[in-house]
file data.pdb (PDB, C-alpha atoms)
ATOM      1  CA  MET A 270     100.134  72.342  94.731  1.00  0.00           C
ATOM      2  CA  ALA A 271     101.421  74.088  97.810  1.00  0.00           C
ATOM      3  CA  ASP A 272     103.649  76.405  95.771  1.00  0.00           C
ATOM      4  CA  ARG A 273     101.153  77.466  93.126  1.00  0.00           C
ATOM      5  CA  PHE A 274     101.026  80.976  94.552  1.00  0.00           C
ATOM      6  CA  LEU A 275     103.657  83.627  93.928  1.00  0.00           C
ATOM      7  CA  ARG A 276     104.855  86.594  95.932  1.00  0.00           C
ATOM      8  CA  PHE A 277     107.191  89.479  95.249  1.00  0.00           C
ATOM      9  CA  ALA A 278     110.726  89.094  96.565  1.00  0.00           C
ATOM     10  CA  SER A 279     111.530  90.844  99.836  1.00  0.00           C
ATOM     11  CA  TRP A 280     113.406  93.631  98.062  1.00  0.00           C
ATOM     12  CA  VAL A 281     110.444  94.458  95.791  1.00  0.00           C
ATOM     13  CA  PHE A 282     107.985  97.106  96.957  1.00  0.00           C
ATOM     14  CA  HIS A 283     104.692  97.223  95.092  1.00  0.00           C
ATOM     15  CA  VAL A 284     101.286  98.815  94.852  1.00  0.00           C
ATOM     16  CA  PHE A 285      98.226  97.796  92.809  1.00  0.00           C
ATOM     17  CA  ALA A 286      96.252 100.914  91.920  1.00  0.00           C
ATOM     18  CA  ASP A 287      93.502 101.425  89.342  1.00  0.00           C
ATOM     19  CA  GLY A 288      94.190  98.010  87.836  1.00  0.00           C
ATOM     20  CA  GLU A 289      97.921  98.633  87.355  1.00  0.00           C
ATOM     21  CA  LEU A 290     100.970  97.421  89.261  1.00  0.00           C
ATOM     22  CA  VAL A 291     103.896  99.663  90.148  1.00  0.00           C
ATOM     23  CA  LEU A 292     107.071  97.985  91.403  1.00  0.00           C
ATOM     24  CA  LEU A 293     110.188  99.373  93.040  1.00  0.00           C
ATOM     25  CA  ASP A 294     113.207  97.069  92.928  1.00  0.00           C
ATOM     26  CA  ALA A 295     115.018  98.359  96.004  1.00  0.00           C
ATOM     27  CA  ARG A 296     118.252  96.605  95.034  1.00  0.00           C
ATOM     28  CA  SER A 297     118.639  98.431  91.729  1.00  0.00           C
ATOM     29  CA  ASN A 298     116.544 101.468  92.768  1.00  0.00           C
ATOM     30  CA  GLU A 299     114.398 101.095  89.624  1.00  0.00           C
ATOM     31  CA  PHE A 300     110.645 101.572  89.196  1.00  0.00           C
ATOM     32  CA  VAL A 301     108.532  99.525  86.772  1.00  0.00           C
ATOM     33  CA  LEU A 302     104.958 100.407  85.809  1.00  0.00           C
ATOM     34  CA  PHE A 303     102.864  97.655  84.194  1.00  0.00           C
ATOM     35  CA  ASP A 304      99.815  98.380  82.060  1.00  0.00           C
ATOM     36  CA  ARG A 305      96.428  96.822  82.850  1.00  0.00           C
ATOM     37  CA  ASP A 306      96.912  93.711  80.705  1.00  0.00           C
ATOM     38  CA  ALA A 307     100.349  92.921  82.114  1.00  0.00           C
ATOM     39  CA  SER A 308      99.149  93.692  85.631  1.00  0.00           C
ATOM     40  CA  ARG A 309      96.223  91.296  85.275  1.00  0.00           C
ATOM     41  CA  GLU A 310      98.609  88.557  84.123  1.00  0.00           C
ATOM     42  CA  LEU A 311     100.788  89.105  87.174  1.00  0.00           C
ATOM     43  CA  VAL A 312      97.857  89.194  89.591  1.00  0.00           C
ATOM     44  CA  ASP A 313      96.530  85.948  88.093  1.00  0.00           C
ATOM     45  CA  ALA A 314      99.946  84.348  88.605  1.00  0.00           C
ATOM     46  CA  ILE A 315     100.297  85.651  92.165  1.00  0.00           C
ATOM     47  CA  GLU A 316      96.836  84.358  93.091  1.00  0.00           C
ATOM     48  CA  GLY A 317      97.474  80.959  91.514  1.00  0.00           C
ATOM     49  CA  ARG A 318      95.135  81.146  88.518  1.00  0.00           C
ATOM     50  CA  ALA A 319      97.506  81.157  85.534  1.00  0.00           C
ATOM     51  CA  LEU A 320     101.235  81.472  84.897  1.00  0.00           C
ATOM     52  CA  SER A 321     101.960  83.742  81.929  1.00  0.00           C
ATOM     53  CA  PRO A 322     105.288  84.117  80.092  1.00  0.00           C
ATOM     54  CA  LEU A 323     105.705  87.496  81.805  1.00  0.00           C
ATOM     55  CA  ALA A 324     105.281  85.924  85.245  1.00  0.00           C
ATOM     56  CA  GLU A 325     107.700  83.133  84.312  1.00  0.00           C
ATOM     57  CA  ARG A 326     110.296  85.710  83.273  1.00  0.00           C
ATOM     58  CA  LEU A 327     109.914  87.579  86.569  1.00  0.00           C
ATOM     59  CA  CYS A 328     110.287  84.260  88.403  1.00  0.00           C
ATOM     60  CA  ASP A 329     113.513  83.567  86.505  1.00  0.00           C
ATOM     61  CA  GLU A 330     114.774  87.038  87.453  1.00  0.00           C
ATOM     62  CA  GLY A 331     113.878  86.485  91.107  1.00  0.00           C
ATOM     63  CA  THR A 332     111.357  89.316  91.225  1.00  0.00           C
ATOM     64  CA  LEU A 333     108.571  86.783  91.843  1.00  0.00           C
ATOM     65  CA  GLN A 334     109.049  83.801  94.134  1.00  0.00           C
ATOM     66  CA  HIS A 335     106.932  80.778  95.056  1.00  0.00           C
ATOM     67  CA  ALA A 336     104.734  81.115  98.137  1.00  0.00           C
ATOM     68  CA  LEU A 337     102.967  78.579 100.347  1.00  0.00           C
ATOM     69  CA  SER A 338      99.828  80.694 100.585  1.00  0.00           C
ATOM     70  CA  MET A 339      98.259  83.522  98.640  1.00  0.00           C
ATOM     71  CA  PRO A 340      99.973  86.792  99.568  1.00  0.00           C
ATOM     72  CA  ARG A 341      98.017  89.947 100.198  1.00  0.00           C
ATOM     73  CA  LEU A 342      98.468  92.473  97.429  1.00  0.00           C
ATOM     74  CA  ASN A 343      99.034  96.052  98.468  1.00  0.00           C
ATOM     75  CA  ARG A 344      95.993  97.712  96.908  1.00  0.00           C
ATOM     76  CA  SER A 345      95.604 101.470  96.894  1.00  0.00           C
ATOM     77  CA  HIS A 346      92.549 103.616  96.297  1.00  0.00           C
ATOM     78  CA  ALA A 347      94.315 106.930  96.810  1.00  0.00           C
ATOM     79  CA  PRO A 348      93.051 109.756  94.591  1.00  0.00           C
ATOM     80  CA  GLY A 349      96.464 110.703  93.163  1.00  0.00           C
ATOM     81  CA  LEU A 350      98.180 114.064  92.737  1.00  0.00           C
ATOM     82  CA  ASP A 351      98.821 116.527  89.949  1.00  0.00           C
ATOM     83  CA  ASP A 352     102.362 117.803  89.366  1.00  0.00           C
ATOM     84  CA  PHE A 353     103.606 117.694  92.955  1.00  0.00           C
ATOM     85  CA  THR A 354     107.314 118.494  93.114  1.00  0.00           C
ATOM     86  CA  TRP A 355     110.156 118.286  95.624  1.00  0.00           C
ATOM     87  CA  SER A 356     110.487 122.073  95.563  1.00  0.00           C
ATOM     88  CA  GLU A 357     106.872 122.314  96.755  1.00  0.00           C
ATOM     89  CA  SER A 358     107.747 120.013  99.650  1.00  0.00           C
ATOM     90  CA  ILE A 359     110.765 122.167 100.545  1.00  0.00           C
ATOM     91  CA  ARG A 360     108.638 125.335 100.513  1.00  0.00           C
ATOM     92  CA  TYR A 361     106.154 123.661 102.846  1.00  0.00           C
ATOM     93  CA  LYS A 362     108.941 122.615 105.226  1.00  0.00           C
ATOM     94  CA  ALA A 363     110.473 126.084 105.276  1.00  0.00           C
ATOM     95  CA  ARG A 364     107.077 127.698 105.879  1.00  0.00           C
ATOM     96  CA  HIS A 365     105.814 125.374 108.630  1.00  0.00           C
ATOM     97  CA  HIS A 366     109.077 124.544 110.403  1.00  0.00           C
ATOM     98  CA  ALA A 367     110.777 127.923 110.590  1.00  0.00           C
ATOM     99  CA  SER A 368     113.718 127.994 112.978  1.00  0.00           C
ATOM    100  CA  SER A 369     117.243 129.352 113.379  1.00  0.00           C
ATOM    101  CA  PRO A 370     119.605 126.400 113.778  1.00  0.00           C
ATOM    102  CA  SER A 371     123.136 127.096 114.932  1.00  0.00           C
ATOM    103  CA  ALA A 372     126.140 126.816 112.612  1.00  0.00           C
ATOM    104  CA  ARG A 373     127.082 123.649 114.460  1.00  0.00           C
ATOM    105  CA  GLU A 374     123.628 122.133 113.821  1.00  0.00           C
ATOM    106  CA  VAL A 375     123.823 123.028 110.124  1.00  0.00           C
ATOM    107  CA  LEU A 376     127.284 121.463 109.889  1.00  0.00           C
ATOM    108  CA  ALA A 377     126.049 118.286 111.595  1.00  0.00           C
ATOM    109  CA  ALA A 378     123.073 118.153 109.230  1.00  0.00           C
ATOM    110  CA  GLY A 379     125.414 118.581 106.257  1.00  0.00           C
ATOM    111  CA  LEU A 380     127.597 115.701 107.404  1.00  0.00           C
ATOM    112  CA  THR A 381     124.535 113.489 107.783  1.00  0.00           C
ATOM    113  CA  LEU A 382     123.293 114.403 104.301  1.00  0.00           C
ATOM    114  CA  ALA A 383     126.725 113.758 102.795  1.00  0.00           C
ATOM    115  CA  LYS A 384     126.814 110.363 104.501  1.00  0.00           C
ATOM    116  CA  ILE A 385     123.354 109.463 103.135  1.00  0.00           C
ATOM    117  CA  CYS A 386     124.309 110.551  99.610  1.00  0.00           C
ATOM    118  CA  PHE A 387     127.412 108.362  99.820  1.00  0.00           C
ATOM    119  CA  LEU A 388     125.492 105.355 101.148  1.00  0.00           C
ATOM    120  CA  LEU A 389     122.886 105.616  98.375  1.00  0.00           C
ATOM    121  CA  LYS A 390     125.699 105.174  95.858  1.00  0.00           C
ATOM    122  CA  CYS A 391     127.269 102.222  97.693  1.00  0.00           C
ATOM    123  CA  VAL A 392     124.430 100.429  99.491  1.00  0.00           C
ATOM    124  CA  SER A 393     121.115  99.185  98.126  1.00  0.00           C
ATOM    125  CA  LEU A 394     118.009 101.183  98.886  1.00  0.00           C
ATOM    126  CA  PHE A 395     116.497  97.974 100.279  1.00  0.00           C
ATOM    127  CA  ARG A 396     119.124  97.877 103.015  1.00  0.00           C
ATOM    128  CA  LEU A 397     118.687 101.548 103.863  1.00  0.00           C
ATOM    129  CA  LEU A 398     114.889 101.337 103.949  1.00  0.00           C
ATOM    130  CA  LYS A 399     115.017  98.209 106.059  1.00  0.00           C
ATOM    131  CA  SER A 400     117.307  99.854 108.582  1.00  0.00           C
ATOM    132  CA  SER A 401     115.121 102.975 108.667  1.00  0.00           C
ATOM    133  CA  HIS A 402     112.180 101.180 110.264  1.00  0.00           C
ATOM    134  CA  GLY A 403     112.506 101.511 113.996  1.00  0.00           C
ATOM    135  CA  LYS A 404     110.142 100.605 116.794  1.00  0.00           C
ATOM    136  CA  ALA A 405     106.432 100.342 116.116  1.00  0.00           C
ATOM    137  CA  PHE A 406     105.876 103.159 118.619  1.00  0.00           C
ATOM    138  CA  SER A 407     108.117 106.111 119.360  1.00  0.00           C
ATOM    139  CA  GLU A 408     107.861 109.344 121.261  1.00  0.00           C
ATOM    140  CA  ASP A 409     106.850 112.166 118.946  1.00  0.00           C
ATOM    141  CA  PRO A 410     109.611 114.722 118.383  1.00  0.00           C
ATOM    142  CA  ALA A 411     109.336 118.032 120.207  1.00  0.00           C
ATOM    143  CA  LYS A 412     108.248 120.723 117.768  1.00  0.00           C
ATOM    144  CA  ALA A 413     111.310 122.866 118.471  1.00  0.00           C
ATOM    145  CA  THR A 414     113.599 119.895 117.810  1.00  0.00           C
ATOM    146  CA  LEU A 415     111.806 118.980 114.583  1.00  0.00           C
ATOM    147  CA  ASP A 416     111.882 122.591 113.381  1.00  0.00           C
ATOM    148  CA  ARG A 417     115.623 122.934 114.019  1.00  0.00           C
ATOM    149  CA  GLU A 418     116.535 119.646 112.366  1.00  0.00           C
ATOM    150  CA  ILE A 419     114.421 120.299 109.263  1.00  0.00           C
ATOM    151  CA  CYS A 420     115.755 123.856 108.871  1.00  0.00           C
ATOM    152  CA  ALA A 421     119.339 122.685 109.421  1.00  0.00           C
ATOM    153  CA  LEU A 422     118.936 120.073 106.679  1.00  0.00           C
ATOM    154  CA  ILE A 423     117.414 122.613 104.285  1.00  0.00           C
ATOM    155  CA  ARG A 424     120.303 125.030 104.826  1.00  0.00           C
ATOM    156  CA  ALA A 425     122.964 122.328 104.615  1.00  0.00           C
ATOM    157  CA  ALA A 426     121.499 120.943 101.369  1.00  0.00           C
ATOM    158  CA  ARG A 427     122.165 124.274  99.617  1.00  0.00           C
ATOM    159  CA  TRP A 428     125.920 123.873 100.059  1.00  0.00           C
ATOM    160  CA  LEU A 429     126.376 120.213  99.230  1.00  0.00           C
ATOM    161  CA  PRO A 430     127.643 119.230  95.761  1.00  0.00           C
ATOM    162  CA  CYS A 431     125.580 116.014  95.803  1.00  0.00           C
ATOM    163  CA  LYS A 432     121.929 115.814  94.844  1.00  0.00           C
ATOM    164  CA  VAL A 433     119.550 116.164  97.770  1.00  0.00           C
ATOM    165  CA  ALA A 434     115.902 115.361  97.099  1.00  0.00           C
ATOM    166  CA  CYS A 435     113.089 113.761  99.084  1.00  0.00           C
ATOM    167  CA  LEU A 436     114.737 110.364  99.634  1.00  0.00           C
ATOM    168  CA  GLU A 437     118.072 111.776 100.803  1.00  0.00           C
ATOM    169  CA  PHE A 438     116.282 114.324 102.985  1.00  0.00           C
ATOM    170  CA  SER A 439     113.968 111.737 104.584  1.00  0.00           C
ATOM    171  CA  LEU A 440     116.763 109.302 105.376  1.00  0.00           C
ATOM    172  CA  ALA A 441     118.869 112.106 106.842  1.00  0.00           C
ATOM    173  CA  LEU A 442     115.963 113.429 108.914  1.00  0.00           C
ATOM    174  CA  ARG A 443     115.380 109.914 110.258  1.00  0.00           C
ATOM    175  CA  GLU A 444     119.008 109.751 111.371  1.00  0.00           C
ATOM    176  CA  ARG A 445     119.002 113.231 112.874  1.00  0.00           C
ATOM    177  CA  LEU A 446     115.840 112.536 114.898  1.00  0.00           C
ATOM    178  CA  ALA A 447     117.175 109.167 116.049  1.00  0.00           C
ATOM    179  CA  ARG A 448     119.816 111.152 117.950  1.00  0.00           C
ATOM    180  CA  HIS A 449     116.931 112.586 119.968  1.00  0.00           C
ATOM    181  CA  GLY A 450     115.444 109.147 120.654  1.00  0.00           C
ATOM    182  CA  VAL A 451     112.802 109.391 117.917  1.00  0.00           C
ATOM    183  CA  ASN A 452     112.354 106.342 115.675  1.00  0.00           C
ATOM    184  CA  GLY A 453     110.860 107.086 112.263  1.00  0.00           C
ATOM    185  CA  ALA A 454     110.065 105.125 109.117  1.00  0.00           C
ATOM    186  CA  VAL A 455     110.792 106.311 105.591  1.00  0.00           C
ATOM    187  CA  GLU A 456     107.759 105.874 103.341  1.00  0.00           C
ATOM    188  CA  ILE A 457     107.611 106.011  99.536  1.00  0.00           C
ATOM    189  CA  GLY A 458     104.562 106.789  97.450  1.00  0.00           C
ATOM    190  CA  VAL A 459     103.959 107.200  93.741  1.00  0.00           C
ATOM    191  CA  GLN A 460     101.603 108.821  91.312  1.00  0.00           C
ATOM    192  CA  LYS A 461     101.314 107.011  88.008  1.00  0.00           C
ATOM    193  CA  TYR A 462     100.653 109.672  85.369  1.00  0.00           C
ATOM    194  CA  SER A 463     102.787 111.580  84.946  1.00  0.00           C
ATOM    195  CA  PHE A 464     104.991 109.281  86.986  1.00  0.00           C
ATOM    196  CA  MET A 465     106.419 110.699  90.195  1.00  0.00           C
ATOM    197  CA  ALA A 466     107.803 109.095  93.349  1.00  0.00           C
ATOM    198  CA  HIS A 467     108.071 110.876  96.686  1.00  0.00           C
ATOM    199  CA  ALA A 468     109.607 109.844 100.014  1.00  0.00           C
ATOM    200  CA  TRP A 469     108.829 111.198 103.465  1.00  0.00           C
ATOM    201  CA  LEU A 470     109.373 110.362 107.136  1.00  0.00           C
ATOM    202  CA  GLU A 471     106.649 109.191 109.492  1.00  0.00           C
ATOM    203  CA  VAL A 472     106.583 108.716 113.247  1.00  0.00           C
ATOM    204  CA  ASN A 473     103.681 106.703 114.674  1.00  0.00           C
ATOM    205  CA  GLY A 474     102.002 106.904 111.291  1.00  0.00           C
ATOM    206  CA  GLN A 475     102.153 110.699 111.145  1.00  0.00           C
ATOM    207  CA  PRO A 476     104.107 112.440 108.351  1.00  0.00           C
ATOM    208  CA  LEU A 477     106.759 114.935 109.379  1.00  0.00           C
ATOM    209  CA  GLY A 478     107.341 118.053 107.329  1.00  0.00           C
ATOM    210  CA  GLU A 479     104.843 117.107 104.612  1.00  0.00           C
ATOM    211  CA  PRO A 480     101.401 118.383 103.603  1.00  0.00           C
ATOM    212  CA  GLU A 481      98.881 115.784 104.773  1.00  0.00           C
ATOM    213  CA  HIS A 482      97.051 115.813 101.437  1.00  0.00           C
ATOM    214  CA  VAL A 483     100.244 114.650  99.715  1.00  0.00           C
ATOM    215  CA  VAL A 484     100.741 111.492 101.756  1.00  0.00           C
ATOM    216  CA  ARG A 485      97.013 110.727 101.596  1.00  0.00           C
ATOM    217  CA  SER A 486      96.918 111.126  97.829  1.00  0.00           C
ATOM    218  CA  LEU A 487      99.965 109.081  96.804  1.00  0.00           C
ATOM    219  CA  HIS A 488      99.877 105.311  96.267  1.00  0.00           C
ATOM    220  CA  ARG A 489     102.083 103.884  99.019  1.00  0.00           C
ATOM    221  CA  LEU A 490     104.545 101.148  98.159  1.00  0.00           C
ATOM    222  CA  ARG A 491     104.715  98.119 100.430  1.00  0.00           C
ATOM    223  CA  ARG A 492     106.583  94.825 100.628  1.00  0.00           C
ATOM    224  CA  SER A 493     104.584  91.605 100.343  1.00  0.00           C
ATOM    225  CA  GLU A 494     103.188  90.363 103.640  1.00  0.00           C
TER     226      GLU A 494
END

call {"tool": "encode", "arguments": {"input": "data.pdb", "output": "C-alpha cells"}}
result
Amino acid sequence: MADRFLRFASWVFHVFADGELVLLDARSNEFVLFDRDASRELVDAIEGRALSPLAERLCDEGTLQHALSMPRLNRSHAPGLDDFTWSESIRYKARHHASSPSAREVLAAGLTLAKICFLLKCVSLFRLLKSSHGKAFSEDPAKATLDREICALIRAARWLPCKVACLEFSLALRERLARHGVNGAVEIGVQKYSFMAHAWLEVNGQPLGEPEHVVRSLHRLRRSE
C-alpha cells in the first residue's frame, strides 16, 4: 500500500507539541487546535497505522492528502510563553531600534503597510508566506537601516485606519528590507494555552526586532516536508 501514509496539504502549517496538533490553514487563515485524543488519531493516520473518521473527514476536505512515504511531523519541545502580546513586541522594537526616520521614509512605510493590509484581505496567507521566503542566505541588514525601517513602520502604523499587528508588520518589514537587498522569511509560532499566534521576520535564521526568548519559546509552524 504505497499510499497508506498521509501528509498535510501544502497550504497547511502544523506543529505537534506536548501531544497536541495545532494547524494553520493558510488559505482561510484559520487555526485549529486538536486535543490529545484527536491528535493521536491524526498521527496514527499520518504514520499509516489506522484511519479514523476524523482523518477521513480531513482527507475529504483536502487538509490531509495521500503520501508515498511517511512524512516528518514538525515536533516542537519549546517551553511556551505566558501572556506575550503584540504591544510587548512593539515596545521592544521601539526600545532596541530607536531611530529618526524621515517623513519620506515614514510615508513609504505607510504605503507598504497599507498594501500588505489590502493583500491580506484579497490574497491567501499561503501565497503571501510562500512569496516571503527568499534566498537561503542573505546579507544581514545594516543596523542603521534596520532601525530606520522598523521605526518608520511603527510611526506609520499609528496613522493607518487598518489593523496592523505582528503579521502585517512582519510582511511589511520583509518588503522594506528587500529594497535594501535583504531577503527575509516570515515565521509564525504559537502558544497553546491561552492560545496566541505571533509572526516575526528572520534573516539567516536570526529574528529581527524580537526578543530572542520569544522566538525560542513559541512552537513554530511548518509545512510538511

call {"tool": "residues_near_point", "arguments": {"input": "data.pdb", "point": "(101.2, 110.0, 119.2)", "cutoff": "9 Å", "atoms": "all atoms listed in the file", "output": "PyMOL selection string"}}
result
chain A and resi 406-409+472-475

call {"tool": "resolve_selection", "arguments": {"input": "data.pdb", "expression": "the PyMOL selection byres ((chain A and resi 437-452) around 7)", "output": "NGL selection string"}}
result
:A and (381-382 or 385-386 or 403-404 or 407-410 or 418 or 433-436 or 453 or 455 or 468-470 or 472)

call {"tool": "resolve_selection", "arguments": {"input": "data.pdb", "expression": "the PyMOL selection byres ((chain A and resi 486) around 8)", "output": "list in words"}}
result
Ala347, Pro348, Gly349, Leu350, His482, Val483, Val484, Arg485, Leu487 and His488 of chain A

call {"tool": "closest_residue", "arguments": {"input": "data.pdb", "among": "A:Ser493, A:Ser308, A:Ser297, A:Gln334", "to": "A:Val392", "atoms": "all atoms listed in the file"}}
result
A:Ser297

call {"tool": "resolve_selection", "arguments": {"input": "data.pdb", "expression": "the PyMOL selection byres ((chain A and resi 363-380) around 6)", "output": "list in words"}}
result
Arg360, Tyr361, Lys362, Thr381, Leu382, Ala383, Asp416, Arg417, Ala421, Leu422 and Ala425 of chain A

call {"tool": "axis_aligned_box", "arguments": {"input": "data.pdb", "around": "stretch 293-296 of chain A", "padding_each_side": "5 Å", "output": "lines of an AutoDock Vina configuration file"}}
result
center_x = 114.2
center_y = 98.0
center_z = 94.5
size_x = 18.1
size_y = 12.8
size_z = 13.1

call {"tool": "closest_residue", "arguments": {"input": "data.pdb", "among": "A:Arg344, A:Lys384, A:His283, A:Lys432", "to": "A:Leu302", "atoms": "all atoms listed in the file"}}
result
A:His283

call {"tool": "atom_distance", "arguments": {"input": "data.pdb", "atom1": "atom CA of A:Arg341", "atom2": "atom CA of A:Arg273"}}
result
14.7 Å

call {"tool": "atom_distance", "arguments": {"input": "data.pdb", "atom1": "atom CA of A:Ala413", "atom2": "atom CA of A:Ala466"}}
result
28.9 Å

call {"tool": "atom_distance", "arguments": {"input": "data.pdb", "atom1": "atom CA of A:Ile359", "atom2": "atom CA of A:Phe464"}}
result
19.6 Å

call {"tool": "residues_around", "arguments": {"input": "data.pdb", "residues": "A:Leu275", "least_positions_apart": "6", "cutoff": "9 Å", "atoms": "all atoms listed in the file", "output": "list of chain:residue names"}}
result
A:Ala314, A:Ile315, A:Glu316, A:Gly317, A:Cys328, A:Leu333, A:Gln334, A:His335, A:Ala336, A:Leu337, A:Ser338, A:Met339, A:Pro340

call {"tool": "residues_near_point", "arguments": {"input": "data.pdb", "point": "(97.3, 98.2, 87.8)", "cutoff": "9 Å", "atoms": "all atoms listed in the file", "output": "number ranges by chain"}}
result
A: 284-291, 302-309

call {"tool": "closest_residue", "arguments": {"input": "data.pdb", "among": "A:Trp355, A:Tyr462, A:Phe395, A:Phe277", "to": "A:Val312", "atoms": "all atoms listed in the file"}}
result
A:Phe277

call {"tool": "closest_residue", "arguments": {"input": "data.pdb", "among": "A:Asp351, A:Glu299, A:Asp294, A:Glu357", "to": "A:Thr332", "atoms": "all atoms listed in the file"}}
result
A:Asp294
